[in-house]
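Visitor: Questions regarding the structure given below will be posed in turn.
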Amino acid sequence: FQRELCDNLRMTIIPQNAFQGMNNESLTLKLYKNGFEDIHSHAFNGTKLNQLILKDNKNLRRIHNDALRGATGPDILDISSTALESLPSYGLEAIQVLNATSSYSLKRLPPLDKFSSLLEAVLTYPSHCCAFRNLRTERQNLLFSIFDNFSKECESTMRRPTNEMLDDSNSTLLWSAERKTHSFGTDYESSPYSYSTIFDDSEVAGFDFEYDFCQPKVLTCTPEPDAFNPCEDILGYSFLRVLIWFINILAIAGNLTVLLVLLTSHYKLTVPRFLMCNLSFADLCMGLYLLLIASVDAHTSGQYYNHAIDWQTGTGCSTAGFFTVFASELSVYTLTVITLERWHTITYAMQLDRKLRLRHAVPIMLGGWLFSIGIALLPLFGVSSYMKVSICLPMDIETGLSQAYILLILVLNVVAFVVICACYIKIYIAVQNPELVAANKDTKVAKRMAVLIFTDFTCMAPISFFAISAAFKVPLITVTNSKILLVLFYPVNSCANPFLYAIFTKAFRRDFFLLMSKLGCCKSRAELYRMNYFSAYNSNCKNGGAATAPTKASQAFLLLSALEKPYPAPQDKTSHKENLPRVP
């Protein structure tokens with residue numbers, strides 16, 4: 001029996017017992033292209049549904065959880081092109097075919113055990129098919145759990161002639177023979193493992209051994225997940241879940257400490273300190289990105305398929321993507337400026353009038369901020385996209401503009417790395433002069449440079465290599481494996497920079513202990529640093545008063561200072577006064 005109701009935009013609800021009183025035959029309800037907005041509880045009470053077609057009801061946003069209560073079926077449910085945000089929790093057990101194409105508001109599915117009979121699903125989002133990948137029908141689960149030795153019988157059955165297998169009478173004979181072959185008890189009718197105990201008579205009568213067990217129906221689901229969104233959680237590997245917490249806490253704690261110490265110091269804000277603050281802020285943003293990814297992964301672990309659409313199309317993923325691109329570009333830009341400033345300080349050490357001042361550094365960094373913000377905003381306006389993958393990186397290269405965007409970022413990062421390497425090589429050549437620096441300090445400087453270049457290379461090289469190949473649509477690594485790069489290599493600089501550029505330097509340790517002394521801790525260490533600083537200051541003041549120009553010894557001191565700490569070395573009385581602690 002078939003009932004069709006369509007193109008009636010005035011009908012906005014389906015009330016309770018709307019179809020009660022129809023005959024007991026299987027009913028196909030075609031209720032499409034109407035104005036339905038809500039389907040009430042017990043709407044289909046008393047019906048025996050074969051098919052329930054609700055497609056093209058553009059305004060249908062809600063089906064009550066008990067809408068199918070009191071009804072039998074349906075076997076086929078079609079909710080294509082509706083605005084439904086969820087499916088009812090009751091009445092899904094009989095559904096064998098589910099059609100939900102173009103249902104963009106349906107971002108979450110009910111618990112999988114509700115689809116105990118499902119054989120075919122045509123959905124909107126590929127991630128939802130991950131939920132059904134390992135799902136079997138209720139009968140298959142029961143058979144596989146009980147008859148673990150049926151595979152031998154299947155092999156012999158498959159070798160039988162086709163005409164015998166197609167003979168309807170064979171299924172009953174085979175079933176009877178199987179009951180005799182596999183003894184579950186002396187009295188199989190009363191035995192707890194007898195067939196009559198496991199199945200009702202109606203189930204046994206309709207059971208076809210060859211086709212229900214030996215050739216079980218496999219649940220099919222479309223669209224299938226693609227290479228960018230495989231069936232896995234955000235981080236994929238279990239060991240990455242542990243590492244990412246360690247790395248993001250290290251990055252956040254290290255950079256917050258550097259910012260706190262530098263911004264609360266009583267020493268005047270100099271160019272190196274200003275640049276170090278910018279670098280720490282950029283690396284702190286990278287730590288926040290990793291924290292956001294780790295938190296969402298922990299929250300959605302095991303059920304990411306139900307959260308994938310909300311996460312990747314929502315503000316969370318866009319925010320995470322903005323943070324990581326902004327942080328990455330600002331960090332690379334600031335590292336390049338720091339390296340150029342060091343090279344400039346050493347190259348023009350004898351020319352105080354060419355010294356880089358704060359009034360020069362501020363507009364330079366302002367340009368870096370504007371550039372980084374602009375680059376990070378482009379995917380939010382359609383140039384590439386943060387929604388392509390679960391880790392919210394701009395991996396969309398479908399259009400030529402998106403491809404050019406990715407290549408621009410990668411090329412700029414490679415150029416920055418080359419500039420950093422070239423500057424450190426020039427610095428090393430400059431400080432290698434035996435007239436300027438002693439041999440042991442020469443080795444110390446070389447080691448420090450090697451560490452700085454190695455961390456930059458470790459961070460940039462793997463990412464750039466695989467990303468450039470992917471940008472040319474020749475991917476050499478899967479998205480799953482790229483998550484290893486994301487956790488192990490991508491944030492290397494963000495973790496290492498606060499230590500290499502600040503925490504391991506003497507000047508930072510001095511500021512740190514002075515700050516701690518204000519909180520009542522480490523007062524003796526702070527007093528020691530304070531006495532050493534003023535002693536060096538007074539000594540340099542006396543020497544500086546007799547000198548009319550910087551000597552080679554002071555130049556050598558300047559070279560090492562530029563490399564070893566984010567504070568310029570004092571060169572005359574004026575510069576000494578600039579570095580005196582301010583009196584509160």
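Going by the structure tokens order, chains are called A, B, ..., each with residues numbered from 1, while ligands are numbered from 1 in the order shown.
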Might you pull out every residue within 9 Å of Val337 of chain A, with only C-alpha atoms counted and same-chain residues fewer than 2 positions away left off, and present them as a PyMOL selection string?

Guide: chain A and resi 275+332-335+339-342+361+364-365+420

Visitor: For the residues in the current selection, export C-alpha atoms as a CSV table (one decimal), in the first residue's frame.

Guide:
```csv
chain,number,residue,atom,x,y,z
A,275,LEU,CA,62.6,41.2,19.5
A,332,VAL,CA,60.2,32.8,11.3
A,333,TYR,CA,60.0,36.5,10.5
A,334,THR,CA,61.3,37.5,14.0
A,335,LEU,CA,64.1,34.9,14.0
A,339,THR,CA,69.7,37.1,13.1
A,340,LEU,CA,70.1,40.2,10.9
A,341,GLU,CA,70.3,42.4,14.0
A,342,ARG,CA,73.1,40.3,15.4
A,361,ALA,CA,62.9,47.9,15.3
A,364,ILE,CA,60.1,46.5,11.2
A,365,MET,CA,58.2,44.3,13.6
A,420,ILE,CA,69.6,32.9,8.8
```

Visitor: Check the smallest atom-to-atom distance from each of A:Asn255, A:Ser41, A:Asn34, A:Thr72 to Gln16 of chain A using only C-alpha atoms, then report the winner.

Guide: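 For Gln16 of chain A, the nearest of the candidates is A:Ser41.
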
Visitor: Name the residues of segment 293-421 of chain A that come out as alpha helix (DSSP H) in a backbone DSSP run; write them as a ChimeraX atom specification.

Guide: /A:293-300,308-313,315-347,358-377,400-421

Visitor: What does the structure give for the distance between atom CA of Leu9 of chain A and atom CA of Asp38 of chain A, in Å to one decimal?

Guide: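 Between atom CA of Leu9 of chain A and atom CA of Asp38 of chain A the gap works out to 13.0 Å.
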
Visitor: Where does segment 221-296 of chain A meet segment 466-486 of chain A within 8 Å, residue by residue, with the nearest atom pair and distance in Å to one decimal for each, counting only C-alpha atoms, listed by chain and rising number, as a Markdown table?

Guide:
```
| residue | atom | partner | partner_atom | distance |
| --- | --- | --- | --- | --- |
| A:Ala227 | CA | A:Val479 | CA | 6.9 |
| A:Phe228 | CA | A:Val479 | CA | 6.0 |
| A:Asn229 | CA | A:Val479 | CA | 7.7 |
| A:Pro230 | CA | A:Thr480 | CA | 7.6 |
| A:Leu235 | CA | A:Lys483 | CA | 6.3 |
| A:Gly236 | CA | A:Thr480 | CA | 6.4 |
| A:Leu240 | CA | A:Ile484 | CA | 7.2 |
```

Visitor: Which of these, A:Cys277, A:Ala496, A:Leu5, A:Leu488, has the shortest distance to Phe239 of chain A once you count only C-alpha atoms?

Guide: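 Closest candidate: A:Leu488.
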
Visitor: Extract, using only C-alpha atoms, all DNA, RNA and protein residues at most 9 Å from Thr220 of chain A, discarding same-chain residues fewer than 5 positions from it, and format them as a list in words.

Guide: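 Here the qualifying residues turn out to be Leu119, Glu120, Ala121, Val122, Cys129, Phe132 and Arg133 of chain A.
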
Visitor: Just N, CA, C and O atoms for this one: save the residues we selected as a PDB file, in the first residue's frame.

Guide:
```pdb
ATOM      1  N   LEU A 119      22.029  -2.059   6.163  1.00  0.00           N
ATOM      2  CA  LEU A 119      22.823  -2.679   5.107  1.00  0.00           C
ATOM      3  C   LEU A 119      23.405  -1.656   4.134  1.00  0.00           C
ATOM      4  O   LEU A 119      24.435  -1.909   3.513  1.00  0.00           O
ATOM      5  N   GLU A 120      22.755  -0.515   4.006  1.00  0.00           N
ATOM      6  CA  GLU A 120      23.224   0.497   3.054  1.00  0.00           C
ATOM      7  C   GLU A 120      22.947   1.893   3.605  1.00  0.00           C
ATOM      8  O   GLU A 120      21.843   2.178   4.078  1.00  0.00           O
ATOM      9  N   ALA A 121      23.970   2.745   3.539  1.00  0.00           N
ATOM     10  CA  ALA A 121      23.826   4.127   3.991  1.00  0.00           C
ATOM     11  C   ALA A 121      24.416   5.055   2.945  1.00  0.00           C
ATOM     12  O   ALA A 121      25.560   4.865   2.519  1.00  0.00           O
ATOM     13  N   VAL A 122      23.628   6.034   2.536  1.00  0.00           N
ATOM     14  CA  VAL A 122      24.097   7.054   1.596  1.00  0.00           C
ATOM     15  C   VAL A 122      23.988   8.381   2.349  1.00  0.00           C
ATOM     16  O   VAL A 122      22.892   8.906   2.533  1.00  0.00           O
ATOM     17  N   CYS A 129      30.726   7.766   7.502  1.00  0.00           N
ATOM     18  CA  CYS A 129      30.892   6.381   7.054  1.00  0.00           C
ATOM     19  C   CYS A 129      31.938   5.643   7.885  1.00  0.00           C
ATOM     20  O   CYS A 129      31.950   4.408   7.904  1.00  0.00           O
ATOM     21  N   PHE A 132      30.414   3.361  10.410  1.00  0.00           N
ATOM     22  CA  PHE A 132      29.830   2.092   9.967  1.00  0.00           C
ATOM     23  C   PHE A 132      30.861   1.120   9.407  1.00  0.00           C
ATOM     24  O   PHE A 132      30.503   0.055   8.944  1.00  0.00           O
ATOM     25  N   ARG A 133      32.117   1.497   9.435  1.00  0.00           N
ATOM     26  CA  ARG A 133      33.133   0.666   8.783  1.00  0.00           C
ATOM     27  C   ARG A 133      33.191  -0.741   9.376  1.00  0.00           C
ATOM     28  O   ARG A 133      33.332  -1.718   8.661  1.00  0.00           O
TER      29      ARG A 133
END
```

Visitor: For Asp233 of chain A, work out the shell of residues within 7 Å, counting only C-alpha atoms and skipping chain neighbours fewer than 6 positions away, then give it as a ChimeraX atom specification.

Guide: /A:297,301-302,304

Visitor: Could those selected residues go to a file with all heavy atoms, as a tab-separated table (two decimals), in the first residue's frame?

Guide:
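Dumped to out_5.tsv:
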```
chain	number	residue	atom	x	y	z
A	297	ASP	N	41.25	16.53	20.59
A	297	ASP	CA	41.51	15.11	20.35
A	297	ASP	C	41.14	14.27	21.56
A	297	ASP	O	40.54	13.19	21.43
A	297	ASP	CB	42.99	14.91	20.01
A	297	ASP	CG	43.34	13.44	19.83
A	297	ASP	OD1	42.94	12.85	18.80
A	297	ASP	OD2	44.00	12.87	20.72
A	301	SER	N	38.11	11.49	21.28
A	301	SER	CA	38.80	10.22	21.06
A	301	SER	C	37.81	9.06	20.95
A	301	SER	O	36.94	8.88	21.80
A	301	SER	CB	39.77	9.96	22.21
A	301	SER	OG	40.44	8.74	22.03
A	302	GLY	N	37.95	8.28	19.88
A	302	GLY	CA	37.11	7.12	19.66
A	302	GLY	C	35.80	7.43	18.95
A	302	GLY	O	35.14	6.53	18.45
A	304	TYR	N	35.50	10.52	16.85
A	304	TYR	CA	35.75	11.74	16.09
A	304	TYR	C	34.78	11.88	14.92
A	304	TYR	O	34.42	12.99	14.53
A	304	TYR	CB	37.19	11.78	15.59
A	304	TYR	CG	37.49	13.03	14.79
A	304	TYR	CD1	37.47	14.28	15.40
A	304	TYR	CD2	37.72	12.97	13.41
A	304	TYR	CE1	37.71	15.44	14.68
A	304	TYR	CE2	37.96	14.12	12.69
A	304	TYR	CZ	37.95	15.35	13.32
A	304	TYR	OH	38.16	16.49	12.60
```

Visitor: If we count only C-alpha atoms and set the cut-off at 12 Å, which residues sit around Ser494 of chain A, ignoring sequence neighbours fewer than 4 positions away in its own chain? Please answer as a PyMOL selection string.

Guide: chain A and resi 247-256+279-290+324+327-332+335+455-456+458-460+487-490+498-501

Visitor: For Ile39 of chain A, which of A:Ser26, A:Asn65, A:Ser295, A:Ser89 is the closest residue, counting only C-alpha atoms?

Guide: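 Comparing A:Ser26, A:Asn65, A:Ser295, A:Ser89 against Ile39 of chain A, the winner is A:Asn65.
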
Visitor: Pick out the residues sitting within 8 Å of Tyr424 of chain A, and hand them over as a ChimeraX atom specification; count only C-alpha atoms, and ignore anything fewer than 3 positions along from it in its own chain.

Guide: /A:339,343,420-421,427-428,449

Visitor: Those same residues - N, CA and C atoms - I'd like them written as a PDB file, in the first residue's frame.

Guide:
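Wrote it out as result.pdb, contents follow:
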```pdb
ATOM      1  N   THR A 339      68.451  37.528  13.751  1.00  0.00           N
ATOM      2  CA  THR A 339      69.727  37.145  13.145  1.00  0.00           C
ATOM      3  C   THR A 339      70.350  38.310  12.390  1.00  0.00           C
ATOM      4  N   TRP A 343      73.926  40.188  13.159  1.00  0.00           N
ATOM      5  CA  TRP A 343      74.934  40.401  12.106  1.00  0.00           C
ATOM      6  C   TRP A 343      75.259  41.884  11.955  1.00  0.00           C
ATOM      7  N   ILE A 420      69.130  33.214   7.421  1.00  0.00           N
ATOM      8  CA  ILE A 420      69.633  32.928   8.773  1.00  0.00           C
ATOM      9  C   ILE A 420      70.977  32.210   8.714  1.00  0.00           C
ATOM     10  N   CYS A 421      71.070  31.204   7.861  1.00  0.00           N
ATOM     11  CA  CYS A 421      72.338  30.459   7.722  1.00  0.00           C
ATOM     12  C   CYS A 421      73.455  31.376   7.223  1.00  0.00           C
ATOM     13  N   ILE A 427      78.765  35.860  10.718  1.00  0.00           N
ATOM     14  CA  ILE A 427      79.090  36.155  12.111  1.00  0.00           C
ATOM     15  C   ILE A 427      80.247  35.280  12.580  1.00  0.00           C
ATOM     16  N   TYR A 428      80.205  34.006  12.225  1.00  0.00           N
ATOM     17  CA  TYR A 428      81.262  33.091  12.642  1.00  0.00           C
ATOM     18  C   TYR A 428      82.605  33.505  12.048  1.00  0.00           C
ATOM     19  N   MET A 449      76.022  28.690  17.443  1.00  0.00           N
ATOM     20  CA  MET A 449      75.479  28.897  16.098  1.00  0.00           C
ATOM     21  C   MET A 449      74.985  27.589  15.493  1.00  0.00           C
TER      22      MET A 449
END
```

Visitor: Find the distance between atom CA of Ile391 of chain A and atom CA of Trp245 of chain A and write it in Å to one decimal.

Guide: 15.0 Å

Visitor: List the spatial neighbours of Leu52 of chain A as a list in words - criterion: any atom at most 9 Å away, only C-alpha atoms, same-chain residues fewer than 3 positions off excluded.

Guide: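 Answer for this query is Leu27, Thr28, Leu29, Lys30, Leu31, Leu49, Gly73, Pro74, Asp75, Ile76, Leu77, Asp78 and Ile79 of chain A.
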
Visitor: Those residues with C-alpha atoms, as a PDB file, in the first residue's frame please?

Guide:
```
ATOM      1  CA  LEU A  27       2.896   0.949   3.866  1.00  0.00           C
ATOM      2  CA  THR A  28       5.081   3.237   1.765  1.00  0.00           C
ATOM      3  CA  LEU A  29       4.754   6.883   2.790  1.00  0.00           C
ATOM      4  CA  LYS A  30       6.061   9.432   0.295  1.00  0.00           C
ATOM      5  CA  LEU A  31       5.956  12.762   2.110  1.00  0.00           C
ATOM      6  CA  LEU A  49       6.138   1.018   7.396  1.00  0.00           C
ATOM      7  CA  GLY A  73       9.696  -0.379  10.507  1.00  0.00           C
ATOM      8  CA  PRO A  74      10.565   1.436   8.359  1.00  0.00           C
ATOM      9  CA  ASP A  75      12.940  -0.667   6.299  1.00  0.00           C
ATOM     10  CA  ILE A  76      13.916   2.318   4.151  1.00  0.00           C
ATOM     11  CA  LEU A  77      14.273   5.873   5.478  1.00  0.00           C
ATOM     12  CA  ASP A  78      15.008   8.805   3.146  1.00  0.00           C
ATOM     13  CA  ILE A  79      15.732  12.191   4.761  1.00  0.00           C
TER      14      ILE A  79
END
```

Visitor: Quick one, how far is atom CA of Val451 of chain A from atom CA of Leu291 of chain A?

Guide: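 Here the two named atoms are 26.3 Å from each other.
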